[in-house]
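Q: This is the content of upload.cif (mmCIF, C-alpha atoms):
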data_upload
loop_
_atom_site.group_PDB
_atom_site.id
_atom_site.type_symbol
_atom_site.label_atom_id
_atom_site.label_comp_id
_atom_site.auth_asym_id
_atom_site.auth_seq_id
_atom_site.Cartn_x
_atom_site.Cartn_y
_atom_site.Cartn_z
ATOM 1 C CA MET A 292 -26.884 -8.804 7.008
ATOM 2 C CA SER A 293 -24.961 -6.219 4.995
ATOM 3 C CA ASP A 294 -24.762 -2.526 5.907
ATOM 4 C CA ALA A 295 -25.215 -0.923 2.470
ATOM 5 C CA LEU A 296 -24.046 2.630 1.788
ATOM 6 C CA PRO A 297 -24.937 4.855 -1.181
ATOM 7 C CA ASP A 298 -22.687 4.598 -4.242
ATOM 8 C CA ILE A 299 -20.834 7.922 -4.444
ATOM 9 C CA SER A 300 -18.240 6.886 -7.025
ATOM 10 C CA HIS A 301 -19.814 9.144 -9.664
ATOM 11 C CA ASP A 302 -20.090 12.233 -7.460
ATOM 12 C CA PRO A 303 -17.520 14.762 -8.794
ATOM 13 C CA ALA A 304 -17.399 16.753 -5.531
ATOM 14 C CA SER A 305 -16.813 13.621 -3.464
ATOM 15 C CA ASN A 306 -14.165 12.371 -5.896
ATOM 16 C CA ALA A 307 -12.343 15.705 -5.694
ATOM 17 C CA LEU A 308 -12.257 15.528 -1.889
ATOM 18 C CA GLN A 309 -10.963 11.944 -1.967
ATOM 19 C CA GLN A 310 -8.229 12.913 -4.416
ATOM 20 C CA ARG A 311 -7.204 15.861 -2.249
ATOM 21 C CA MET A 312 -6.950 13.539 0.770
ATOM 22 C CA CYS A 313 -4.805 11.095 -1.221
ATOM 23 C CA ASP A 314 -2.549 13.918 -2.390
ATOM 24 C CA LEU A 315 -2.053 15.011 1.230
ATOM 25 C CA ILE A 316 -1.542 11.522 2.685
ATOM 26 C CA THR A 317 0.838 10.083 0.055
ATOM 27 C CA PRO A 318 3.897 12.287 0.821
ATOM 28 C CA LEU A 319 3.601 11.470 4.535
ATOM 29 C CA ILE A 320 3.733 7.668 4.307
ATOM 30 C CA ASP A 321 6.940 5.670 4.048
ATOM 31 C CA ARG A 322 5.641 2.163 4.722
ATOM 32 C CA ASP A 323 2.503 0.087 5.090
ATOM 33 C CA GLY A 324 0.610 0.017 8.364
ATOM 34 C CA TYR A 325 -0.274 2.751 10.809
ATOM 35 C CA ILE A 326 2.041 5.746 10.570
ATOM 36 C CA PRO A 327 2.160 8.117 13.563
ATOM 37 C CA THR A 328 1.986 11.855 12.950
ATOM 38 C CA ASP A 329 3.062 14.947 14.881
ATOM 39 C CA LEU A 330 -0.518 15.296 16.097
ATOM 40 C CA GLU A 331 -1.350 13.065 19.063
ATOM 41 C CA GLY A 332 -4.269 10.749 18.372
ATOM 42 C CA VAL A 333 -3.917 10.964 14.582
ATOM 43 C CA ARG A 334 -2.349 8.194 12.503
ATOM 44 C CA LEU A 335 -2.216 7.630 8.773
ATOM 45 C CA MET A 336 -3.088 4.274 7.198
ATOM 46 C CA ALA A 337 -1.521 2.677 4.141
ATOM 47 C CA LEU A 338 -1.568 -0.766 2.542
ATOM 48 C CA HIS A 339 -0.195 -1.446 -0.960
ATOM 49 C CA GLY A 340 -2.078 -4.680 -1.545
ATOM 50 C CA SER A 341 -5.113 -6.668 -0.503
ATOM 51 C CA HIS A 342 -5.247 -8.410 2.845
ATOM 52 C CA PRO A 343 -7.470 -11.421 3.572
ATOM 53 C CA ARG A 344 -10.136 -11.554 6.243
ATOM 54 C CA THR A 345 -8.257 -11.316 9.540
ATOM 55 C CA PRO A 346 -9.310 -10.958 13.207
ATOM 56 C CA LEU A 347 -8.477 -7.615 14.807
ATOM 57 C CA VAL A 348 -9.798 -4.891 17.084
ATOM 58 C CA TYR A 349 -9.814 -1.108 16.640
ATOM 59 C CA GLU A 350 -9.579 1.247 19.564
ATOM 60 C CA PRO A 351 -12.431 3.794 19.660
ATOM 61 C CA GLY A 352 -11.929 6.224 16.819
ATOM 62 C CA LEU A 353 -12.897 7.481 13.393
ATOM 63 C CA ILE A 354 -11.422 5.718 10.363
ATOM 64 C CA ILE A 355 -11.672 7.846 7.213
ATOM 65 C CA ILE A 356 -10.906 6.060 3.935
ATOM 66 C CA ALA A 357 -9.533 8.157 1.071
ATOM 67 C CA GLN A 358 -8.707 5.254 -1.277
ATOM 68 C CA GLY A 359 -9.228 1.497 -1.241
ATOM 69 C CA GLU A 360 -11.984 -0.649 0.250
ATOM 70 C CA LYS A 361 -12.529 -2.556 3.468
ATOM 71 C CA SER A 362 -15.189 -4.922 4.773
ATOM 72 C CA GLY A 363 -15.717 -5.604 8.451
ATOM 73 C CA TYR A 364 -17.481 -8.718 9.752
ATOM 74 C CA LEU A 365 -19.124 -8.352 13.157
ATOM 75 C CA GLY A 366 -21.390 -11.231 14.068
ATOM 76 C CA GLU A 367 -24.082 -11.402 11.389
ATOM 77 C CA ARG A 368 -23.260 -7.922 10.078
ATOM 78 C CA THR A 369 -21.039 -7.103 7.104
ATOM 79 C CA ILE A 370 -19.886 -3.484 7.174
ATOM 80 C CA HIS A 371 -18.514 -2.068 3.913
ATOM 81 C CA TYR A 372 -16.478 1.120 4.006
ATOM 82 C CA GLY A 373 -14.280 2.430 1.249
ATOM 83 C CA ALA A 374 -13.245 5.646 -0.436
ATOM 84 C CA GLY A 375 -15.702 8.367 0.496
ATOM 85 C CA HIS A 376 -16.820 6.672 3.713
ATOM 86 C CA TYR A 377 -15.729 6.693 7.331
ATOM 87 C CA LEU A 378 -16.123 4.189 10.127
ATOM 88 C CA VAL A 379 -17.363 5.242 13.552
ATOM 89 C CA GLN A 380 -15.727 2.816 15.993
ATOM 90 C CA ALA A 381 -17.430 3.777 19.252
ATOM 91 C CA MET A 382 -16.526 0.618 21.177
ATOM 92 C CA PRO A 383 -13.442 -1.620 20.814
ATOM 93 C CA VAL A 384 -15.207 -4.747 19.571
ATOM 94 C CA PRO A 385 -13.185 -7.616 18.046
ATOM 95 C CA PHE A 386 -14.213 -8.286 14.453
ATOM 96 C CA GLU A 387 -12.744 -9.573 11.193
ATOM 97 C CA CYS A 388 -11.521 -7.228 8.478
ATOM 98 C CA GLU A 389 -10.759 -7.682 4.786
ATOM 99 C CA THR A 390 -8.880 -5.046 2.756
ATOM 100 C CA ARG A 391 -8.900 -4.570 -1.009
ATOM 101 C CA ALA A 392 -6.080 -2.484 -2.500
ATOM 102 C CA THR A 393 -3.327 -2.656 -5.125
ATOM 103 C CA PRO A 394 0.206 -1.236 -5.453
ATOM 104 C CA GLN A 395 -1.160 1.236 -8.005
ATOM 105 C CA ALA A 396 -4.150 2.217 -5.830
ATOM 106 C CA PRO A 397 -3.144 1.514 -2.214
ATOM 107 C CA LEU A 398 -5.441 1.803 0.747
ATOM 108 C CA LEU A 399 -5.014 5.305 2.164
ATOM 109 C CA GLY A 400 -6.776 6.653 5.198
ATOM 110 C CA VAL A 401 -6.686 8.448 8.526
ATOM 111 C CA PHE A 402 -7.352 7.126 12.026
ATOM 112 C CA ILE A 403 -8.429 9.672 14.667
ATOM 113 C CA SER A 404 -8.723 8.530 18.276
ATOM 114 C CA ILE A 405 -11.821 9.676 20.137
ATOM 115 C CA ASP A 406 -10.921 12.274 22.760
ATOM 116 C CA MET A 407 -13.591 11.797 25.437
ATOM 117 C CA ILE A 408 -13.031 15.237 26.983
ATOM 118 C CA MET A 409 -13.427 16.916 23.599
ATOM 119 C CA LEU A 410 -16.445 14.719 22.857
ATOM 120 C CA GLY A 411 -18.029 15.769 26.141
ATOM 121 C CA GLU A 412 -17.518 19.447 25.388
ATOM 122 C CA LEU A 413 -19.014 19.131 21.917
ATOM 123 C CA SER A 414 -21.992 17.108 23.129
ATOM 124 C CA GLN A 415 -23.073 20.085 25.213
ATOM 125 C CA VAL A 416 -23.714 22.179 22.096
ATOM 126 C CA VAL A 417 -24.581 19.634 19.374
ATOM 127 C CA PRO A 418 -28.329 18.805 19.436
ATOM 128 C CA THR A 419 -29.267 15.260 20.388
ATOM 129 C CA ALA A 420 -30.739 12.875 17.843
ATOM 130 C CA ALA A 421 -34.488 12.322 17.603
ATOM 131 C CA THR A 422 -35.888 10.038 20.298
ATOM 132 C CA ASN A 423 -37.096 7.540 17.678
ATOM 133 C CA ALA A 424 -33.612 7.099 16.211
ATOM 134 C CA ALA A 425 -32.322 3.538 15.790
ATOM 135 C CA PRO A 426 -30.328 2.125 18.730
ATOM 136 C CA PRO A 427 -26.632 3.014 18.435
ATOM 137 C CA GLU A 428 -24.179 0.484 17.071
ATOM 138 C CA PRO A 429 -20.626 0.118 18.438
ATOM 139 C CA MET A 430 -19.290 0.067 14.870
ATOM 140 C CA SER A 431 -20.913 1.554 11.746
ATOM 141 C CA ALA A 432 -19.913 3.052 8.401
ATOM 142 C CA VAL A 433 -21.125 6.468 7.268
ATOM 143 C CA THR A 434 -20.994 8.276 3.926
ATOM 144 C CA LEU A 435 -18.498 11.136 3.958
ATOM 145 C CA THR A 436 -20.359 14.438 3.702
ATOM 146 C CA SER A 437 -18.850 17.532 2.114
ATOM 147 C CA SER A 438 -18.423 19.230 5.502
ATOM 148 C CA MET A 439 -16.825 16.137 7.037
ATOM 149 C CA GLY A 440 -14.544 15.752 4.021
ATOM 150 C CA HIS A 441 -13.400 19.356 4.206
ATOM 151 C CA GLY A 442 -12.741 18.926 7.921
ATOM 152 C CA VAL A 443 -10.488 15.937 7.203
ATOM 153 C CA VAL A 444 -8.665 17.905 4.475
ATOM 154 C CA HIS A 445 -8.042 20.765 6.922
ATOM 155 C CA LEU A 446 -6.616 18.254 9.397
ATOM 156 C CA LEU A 447 -4.336 16.678 6.793
ATOM 157 C CA GLU A 448 -3.112 20.098 5.674
ATOM 158 C CA CYS A 449 -1.996 20.731 9.262
ATOM 159 C CA LEU A 450 0.273 17.697 9.100
ATOM 160 C CA HIS A 451 2.295 19.388 6.349
ATOM 161 C CA ASP A 452 3.023 22.489 8.436
ATOM 162 C CA GLU A 453 4.711 22.067 11.825
ATOM 163 C CA ILE A 454 3.678 25.489 13.113
ATOM 164 C CA MET A 455 0.096 25.076 11.926
ATOM 165 C CA CYS A 456 -0.002 21.618 13.502
ATOM 166 C CA ARG A 457 1.025 22.989 16.902
ATOM 167 C CA ALA A 458 -1.258 26.021 16.671
ATOM 168 C CA LEU A 459 -4.386 24.552 15.092
ATOM 169 C CA GLY A 460 -4.056 20.751 15.215
ATOM 170 C CA ARG A 461 -6.383 20.184 18.149
ATOM 171 C CA GLN A 462 -8.948 22.509 16.607
ATOM 172 C CA ARG A 463 -8.819 20.523 13.365
ATOM 173 C CA ILE A 464 -9.480 17.294 15.285
ATOM 174 C CA ARG A 465 -12.346 19.055 17.038
ATOM 175 C CA GLU A 466 -13.824 20.026 13.671
ATOM 176 C CA VAL A 467 -13.823 16.413 12.456
ATOM 177 C CA LEU A 468 -15.249 15.076 15.726
ATOM 178 C CA PHE A 469 -17.958 17.752 15.577
ATOM 179 C CA GLU A 470 -19.008 16.557 12.125
ATOM 180 C CA ALA A 471 -19.057 12.932 13.299
ATOM 181 C CA LEU A 472 -21.128 13.846 16.356
ATOM 182 C CA ARG A 473 -23.824 15.484 14.267
ATOM 183 C CA GLY A 474 -23.704 12.723 11.647
ATOM 184 C CA PRO A 475 -25.882 9.588 11.359
ATOM 185 C CA GLN A 476 -23.861 7.682 13.982
ATOM 186 C CA GLY A 477 -23.322 10.609 16.332
ATOM 187 C CA GLU A 478 -25.609 9.061 18.925
ATOM 188 C CA SER A 479 -23.277 6.058 19.254
ATOM 189 C CA LEU A 480 -20.575 8.518 20.365
ATOM 190 C CA ARG A 481 -22.857 10.625 22.547
ATOM 191 C CA GLN A 482 -24.159 7.665 24.512
ATOM 192 C CA LEU A 483 -20.621 6.715 25.533
ATOM 193 C CA LEU A 484 -20.823 9.760 27.809
ATOM 194 C CA GLN A 485 -24.113 8.724 29.397
ATOM 195 C CA GLN A 486 -23.368 7.002 32.670
ATOM 196 C CA GLN A 487 -26.811 5.464 33.131
ATOM 197 C CA THR A 488 -27.558 4.035 29.686
ATOM 198 C CA GLN A 489 -26.904 0.368 29.005
ATOM 199 C CA TYR A 490 -24.689 1.404 26.081
ATOM 200 C CA GLY A 491 -22.603 3.706 28.253
ATOM 201 C CA ARG A 492 -22.268 1.097 30.993
ATOM 202 C CA ILE A 493 -21.045 -1.562 28.572
ATOM 203 C CA GLY A 494 -18.617 0.999 27.157
ATOM 204 C CA ARG A 495 -17.139 1.509 30.644
ATOM 205 C CA ALA A 496 -16.928 -2.263 31.155
ATOM 206 C CA LEU A 497 -14.951 -2.588 27.907
ATOM 207 C CA GLU A 498 -12.508 0.043 29.144
ATOM 208 C CA THR A 499 -11.940 -2.089 32.256
ATOM 209 C CA LEU A 500 -11.500 -5.261 30.207
ATOM 210 C CA HIS A 501 -8.926 -3.608 27.951
ATOM 211 C CA ARG A 502 -7.013 -2.322 30.948
ATOM 212 C CA ASP A 503 -7.138 -5.564 32.972
ATOM 213 C CA TYR A 504 -7.376 -8.196 30.226
ATOM 214 C CA ALA A 505 -4.556 -10.305 31.724
ATOM 215 C CA ASN A 506 -6.329 -10.677 35.080
ATOM 216 C CA PRO A 507 -8.946 -13.339 35.900
ATOM 217 C CA LEU A 508 -12.420 -12.183 34.875
ATOM 218 C CA SER A 509 -15.348 -12.112 37.271
ATOM 219 C CA VAL A 510 -18.539 -11.224 35.422
ATOM 220 C CA GLU A 511 -20.225 -10.491 38.745
ATOM 221 C CA THR A 512 -17.548 -7.996 39.771
ATOM 222 C CA LEU A 513 -17.547 -6.331 36.365
ATOM 223 C CA ALA A 514 -21.346 -6.071 36.371
ATOM 224 C CA ASP A 515 -21.279 -4.574 39.852
ATOM 225 C CA LYS A 516 -18.777 -1.915 38.760
ATOM 226 C CA VAL A 517 -21.223 -0.625 36.160
ATOM 227 C CA ASN A 518 -24.296 -1.021 38.389
ATOM 228 C CA MET A 519 -25.956 -3.861 36.511
ATOM 229 C CA SER A 520 -27.139 -7.298 37.564
ATOM 230 C CA PRO A 521 -24.988 -10.152 36.187
ATOM 231 C CA SER A 522 -27.827 -11.397 33.964
ATOM 232 C CA ALA A 523 -28.599 -7.936 32.526
ATOM 233 C CA PHE A 524 -24.900 -7.234 32.093
ATOM 234 C CA HIS A 525 -24.333 -10.487 30.196
ATOM 235 C CA HIS A 526 -27.372 -9.847 27.965
ATOM 236 C CA HIS A 527 -26.449 -6.292 26.993
ATOM 237 C CA PHE A 528 -22.736 -7.078 26.697
ATOM 238 C CA LYS A 529 -23.503 -9.743 24.103
ATOM 239 C CA ARG A 530 -26.068 -7.484 22.404
ATOM 240 C CA PHE A 531 -23.466 -4.805 21.704
ATOM 241 C CA THR A 532 -20.291 -6.864 21.180
ATOM 242 C CA ARG A 533 -21.758 -10.115 19.757
ATOM 243 C CA LEU A 534 -19.627 -11.943 22.348
ATOM 244 C CA SER A 535 -19.964 -13.077 25.941
ATOM 245 C CA PRO A 536 -17.627 -11.320 28.432
ATOM 246 C CA LEU A 537 -15.405 -14.413 28.594
ATOM 247 C CA GLN A 538 -15.254 -14.734 24.805
ATOM 248 C CA TYR A 539 -14.412 -11.042 24.559
ATOM 249 C CA GLN A 540 -11.576 -11.319 27.072
ATOM 250 C CA LYS A 541 -10.166 -14.360 25.273
ATOM 251 C CA ARG A 542 -10.107 -12.546 21.924
ATOM 252 C CA ILE A 543 -8.496 -9.448 23.391
ATOM 253 C CA ARG A 544 -5.833 -11.603 25.034
ATOM 254 C CA LEU A 545 -5.091 -13.380 21.760
ATOM 255 C CA LEU A 546 -4.971 -10.135 19.767
ATOM 256 C CA LYS A 547 -2.623 -8.563 22.327
ATOM 257 C CA ALA A 548 -0.410 -11.650 22.251
ATOM 258 C CA ARG A 549 -0.309 -11.612 18.446
ATOM 259 C CA ALA A 550 0.919 -8.001 18.522
ATOM 260 C CA MET A 551 3.673 -8.950 20.999
ATOM 261 C CA ILE A 552 4.796 -11.925 18.915
ATOM 262 C CA ALA A 553 4.617 -10.009 15.631
ATOM 263 C CA ALA A 554 6.751 -7.202 17.064
ATOM 264 C CA ARG A 555 9.176 -9.816 18.468
ATOM 265 C CA THR A 556 9.071 -8.289 21.933
ATOM 266 C CA HIS A 557 7.957 -11.680 23.309
ATOM 267 C CA ASN A 558 8.362 -15.298 22.336
ATOM 268 C CA VAL A 559 5.287 -17.557 22.338
ATOM 269 C CA SER A 560 5.667 -18.665 25.944
ATOM 270 C CA SER A 561 6.260 -15.194 27.390
ATOM 271 C CA ALA A 562 3.420 -13.698 25.321
ATOM 272 C CA ALA A 563 1.035 -16.346 26.616
ATOM 273 C CA SER A 564 2.047 -15.554 30.192
ATOM 274 C CA ALA A 565 1.884 -11.788 29.643
ATOM 275 C CA VAL A 566 -1.747 -11.906 28.508
ATOM 276 C CA GLY A 567 -2.868 -14.150 31.353
ATOM 277 C CA TYR A 568 -2.578 -17.748 30.133
ATOM 278 C CA GLN A 569 -1.365 -20.297 32.655
ATOM 279 C CA SER A 570 -0.855 -22.999 30.013
ATOM 280 C CA ALA A 571 1.238 -22.390 26.900
ATOM 281 C CA SER A 572 -0.318 -25.399 25.174
ATOM 282 C CA GLN A 573 -3.842 -24.092 25.785
ATOM 283 C CA PHE A 574 -2.712 -20.715 24.461
ATOM 284 C CA SER A 575 -1.348 -22.293 21.274
ATOM 285 C CA ARG A 576 -4.551 -24.290 20.709
ATOM 286 C CA GLU A 577 -6.795 -21.258 21.126
ATOM 287 C CA TYR A 578 -4.463 -19.090 19.047
ATOM 288 C CA LYS A 579 -4.605 -21.536 16.140
ATOM 289 C CA ARG A 580 -8.382 -21.834 16.449
ATOM 290 C CA TYR A 581 -8.785 -18.047 16.257
ATOM 291 C CA PHE A 582 -6.127 -17.065 13.712
ATOM 292 C CA GLY A 583 -5.876 -20.297 11.716
ATOM 293 C CA HIS A 584 -2.176 -20.912 12.377
ATOM 294 C CA GLN A 585 0.270 -21.448 15.220
ATOM 295 C CA PRO A 586 1.559 -18.341 17.052
ATOM 296 C CA ALA A 587 5.125 -18.902 15.853
ATOM 297 C CA GLY A 588 3.950 -18.157 12.317
ATOM 298 C CA ASP A 589 3.400 -14.452 13.013
ATOM 299 C CA GLN A 590 6.391 -12.218 12.390
ATOM 300 C CA ARG A 591 6.062 -8.443 12.367
ATOM 301 C CA LEU A 592 2.455 -8.700 11.261
ATOM 302 C CA GLU A 593 1.402 -5.425 12.861
ATOM 303 C CA SER A 594 4.108 -3.434 11.083
ATOM 304 C CA ARG A 595 2.809 -4.569 7.695
ATOM 305 C CA GLN A 596 -0.935 -4.314 8.181
ATOM 306 C CA ALA A 597 -3.211 -1.276 8.223
ATOM 307 C CA GLY A 598 -6.059 -3.090 9.902
#
Represent the structure from my file as structure tokens, please.

A:
Amino acid sequence: MSDALPDISHDPASNALQQRMCDLITPLIDRDGYIPTDLEGVRLMALHGSHPRTPLVYEPGLIIIAQGEKSGYLGERTIHYGAGHYLVQAMPVPFECETRATPQAPLLGVFISIDMIMLGELSQVVPTAATNAAPPEPMSAVTLTSSMGHGVVHLLECLHDEIMCRALGRQRIREVLFEALRGPQGESLRQLLQQQTQYGRIGRALETLHRDYANPLSVETLADKVNMSPSAFHHHFKRFTRLSPLQYQKRIRLLKARAMIAARTHNVSSAASAVGYQSASQFSREYKRYFGHQPAGDQRLESRQAG
């Protein structure tokens, strides 16, 4: 199943906004990958070439694409998002991502982490979606509206002015999050704040799994923490993430280990131990099954890849 978005390539207003974003991002990047900025929670994205379908996980955030194209594969869904679109990543679900870009037209974008306190404040004033709205998805692409695009431009302009960044940076993030909250996938963000919804409970369970991924997993204990029965927890966990809790933990462990090995902070054996594996040989087998190659083959992968 493919998540289709409207073709906006011939919209002059949208094209002008995308070009303005590219003009603001380009002077601030000096390499491929995720580039930190002076504004906490905001990173720039760049990739001067295509990247094949690769397993990864995004932390909760908004990914705005100014140039280039990406496709995400989550279970049976294919999620396309390119220039003029943004991705609402409400939950950190492992998926596979393919990037299409060239040296002449690199992938350029912005990643904005979701500030839960700011989201909570905004949710008090932004009207809720209609009760018959479709169930929220943990990961969905949205067409960039004019108001959202201008909000992103205002944020990028801040990054070029140190004083403006300190004085208005948080407000610029708030403006973008406001537009996302009242957009088509705003409910997926709003429900993260709801303690009693199944969506919100699974969101809290994922936070625990990301914090304690190296520890042994007890589905019963995790279900109890979010006030669900083990059977209901397992059902809704798989509904939202397309994985069982054990499969999810395994993928997070492998993705964390890959980052350690790629950054050369750990060798294969110490990375396996750090993420909770008792057997290095089992780790290597599962690593190869997931990534398609042995762990020793990854060298500084994270520094070269913009997800």

Q: Every residue with an atom at most 8 Å from (-1.4, -16.4, 20.0) (file coordinates; only C-alpha atoms) is what I'm after, so could you write them as a PyMOL selection string?

A: chain A and resi 545-546+548-549+552+559+562-563+574-575+577-579+582+585-586

Q: Would you mind listing what lies within 10 Å of Gln380 (chain A) as a JSON list (two decimals) with C-alpha atoms, keeping the file's coordinate frame, with only C-alpha atoms counted and same-chain residues fewer than 2 positions away left out?

A:
[["chain", "number", "residue", "atom", "x", "y", "z"],
["A", 348, "VAL", "CA", -9.80, -4.89, 17.08],
["A", 349, "TYR", "CA", -9.81, -1.11, 16.64],
["A", 350, "GLU", "CA", -9.58, 1.25, 19.56],
["A", 351, "PRO", "CA", -12.43, 3.79, 19.66],
["A", 352, "GLY", "CA", -11.93, 6.22, 16.82],
["A", 353, "LEU", "CA", -12.90, 7.48, 13.39],
["A", 354, "ILE", "CA", -11.42, 5.72, 10.36],
["A", 377, "TYR", "CA", -15.73, 6.69, 7.33],
["A", 378, "LEU", "CA", -16.12, 4.19, 10.13],
["A", 382, "MET", "CA", -16.53, 0.62, 21.18],
["A", 383, "PRO", "CA", -13.44, -1.62, 20.81],
["A", 384, "VAL", "CA", -15.21, -4.75, 19.57],
["A", 404, "SER", "CA", -8.72, 8.53, 18.28],
["A", 405, "ILE", "CA", -11.82, 9.68, 20.14],
["A", 428, "GLU", "CA", -24.18, 0.48, 17.07],
["A", 429, "PRO", "CA", -20.63, 0.12, 18.44],
["A", 430, "MET", "CA", -19.29, 0.07, 14.87],
["A", 431, "SER", "CA", -20.91, 1.55, 11.75],
["A", 432, "ALA", "CA", -19.91, 3.05, 8.40],
["A", 476, "GLN", "CA", -23.86, 7.68, 13.98],
["A", 479, "SER", "CA", -23.28, 6.06, 19.25],
["A", 480, "LEU", "CA", -20.58, 8.52, 20.36]]

Q: Residues of region 427-533 of chain A that approach region 303-306 of chain A to 9 Å or less, counting only C-alpha atoms: could you list each one with the shortest pair of atoms and its distance in Å to one decimal, rows by chain and increasing residue number, as a Markdown table?

A:
| residue | atom | partner | partner_atom | distance |
| --- | --- | --- | --- | --- |
| A:Leu435 | CA | A:Ser305 | CA | 8.0 |
| A:Thr436 | CA | A:Ser305 | CA | 8.0 |
| A:Ser437 | CA | A:Ser305 | CA | 7.1 |
| A:Gly440 | CA | A:Ser305 | CA | 8.1 |

Q: Residues of the last selection are to be written out with C-alpha atoms, as a PDB file, keeping the file's coordinate frame.

A:
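Everything below was put into again_22.pdb:
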ATOM      1  CA  LEU A 435     -18.498  11.136   3.958  1.00  0.00           C
ATOM      2  CA  THR A 436     -20.359  14.438   3.702  1.00  0.00           C
ATOM      3  CA  SER A 437     -18.850  17.532   2.114  1.00  0.00           C
ATOM      4  CA  GLY A 440     -14.544  15.752   4.021  1.00  0.00           C
TER       5      GLY A 440
END

Q: Which distance in Å separates CA of Ala357 (chain A) and CA of Asp314 (chain A), to one decimal?

A: 9.7 Å

Q: Counting all atoms listed in the file, select every polymer residue within 10 Å of (-17.9, 21.1, 18.5) as defined in the file's coordinates, and provide the selection as a list in words.

A: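 Final list of nearby residues, as requested, is Met409, Leu410, Gly411, Glu412, Leu413, Ser414, Gln415, Val416, Val417, Gln462, Ile464, Arg465, Glu466, Val467, Leu468, Phe469, Glu470, Ala471, Leu472 and Arg473 of chain A.
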
Q: When the PyMOL selection byres ((chain A and resi 505) around 7) is applied to the file above, which residues end up in the set, as number ranges by chain?

A: A: 503-504, 506-507, 544, 565-567

Q: Could you list, as a PyMOL selection string, every residue within 12 Å of Gly583 (chain A), counting all atoms listed in the file and ignoring same-chain residues fewer than 6 positions away?

A: chain A and resi 344-346+575-577+589

Q: Could you list, as a ChimeraX atom specification, every residue matched by the PyMOL selection byres ((chain A and resi 395) around 12) in this structure?

A: /A:338-341,358-359,391-394,396-399
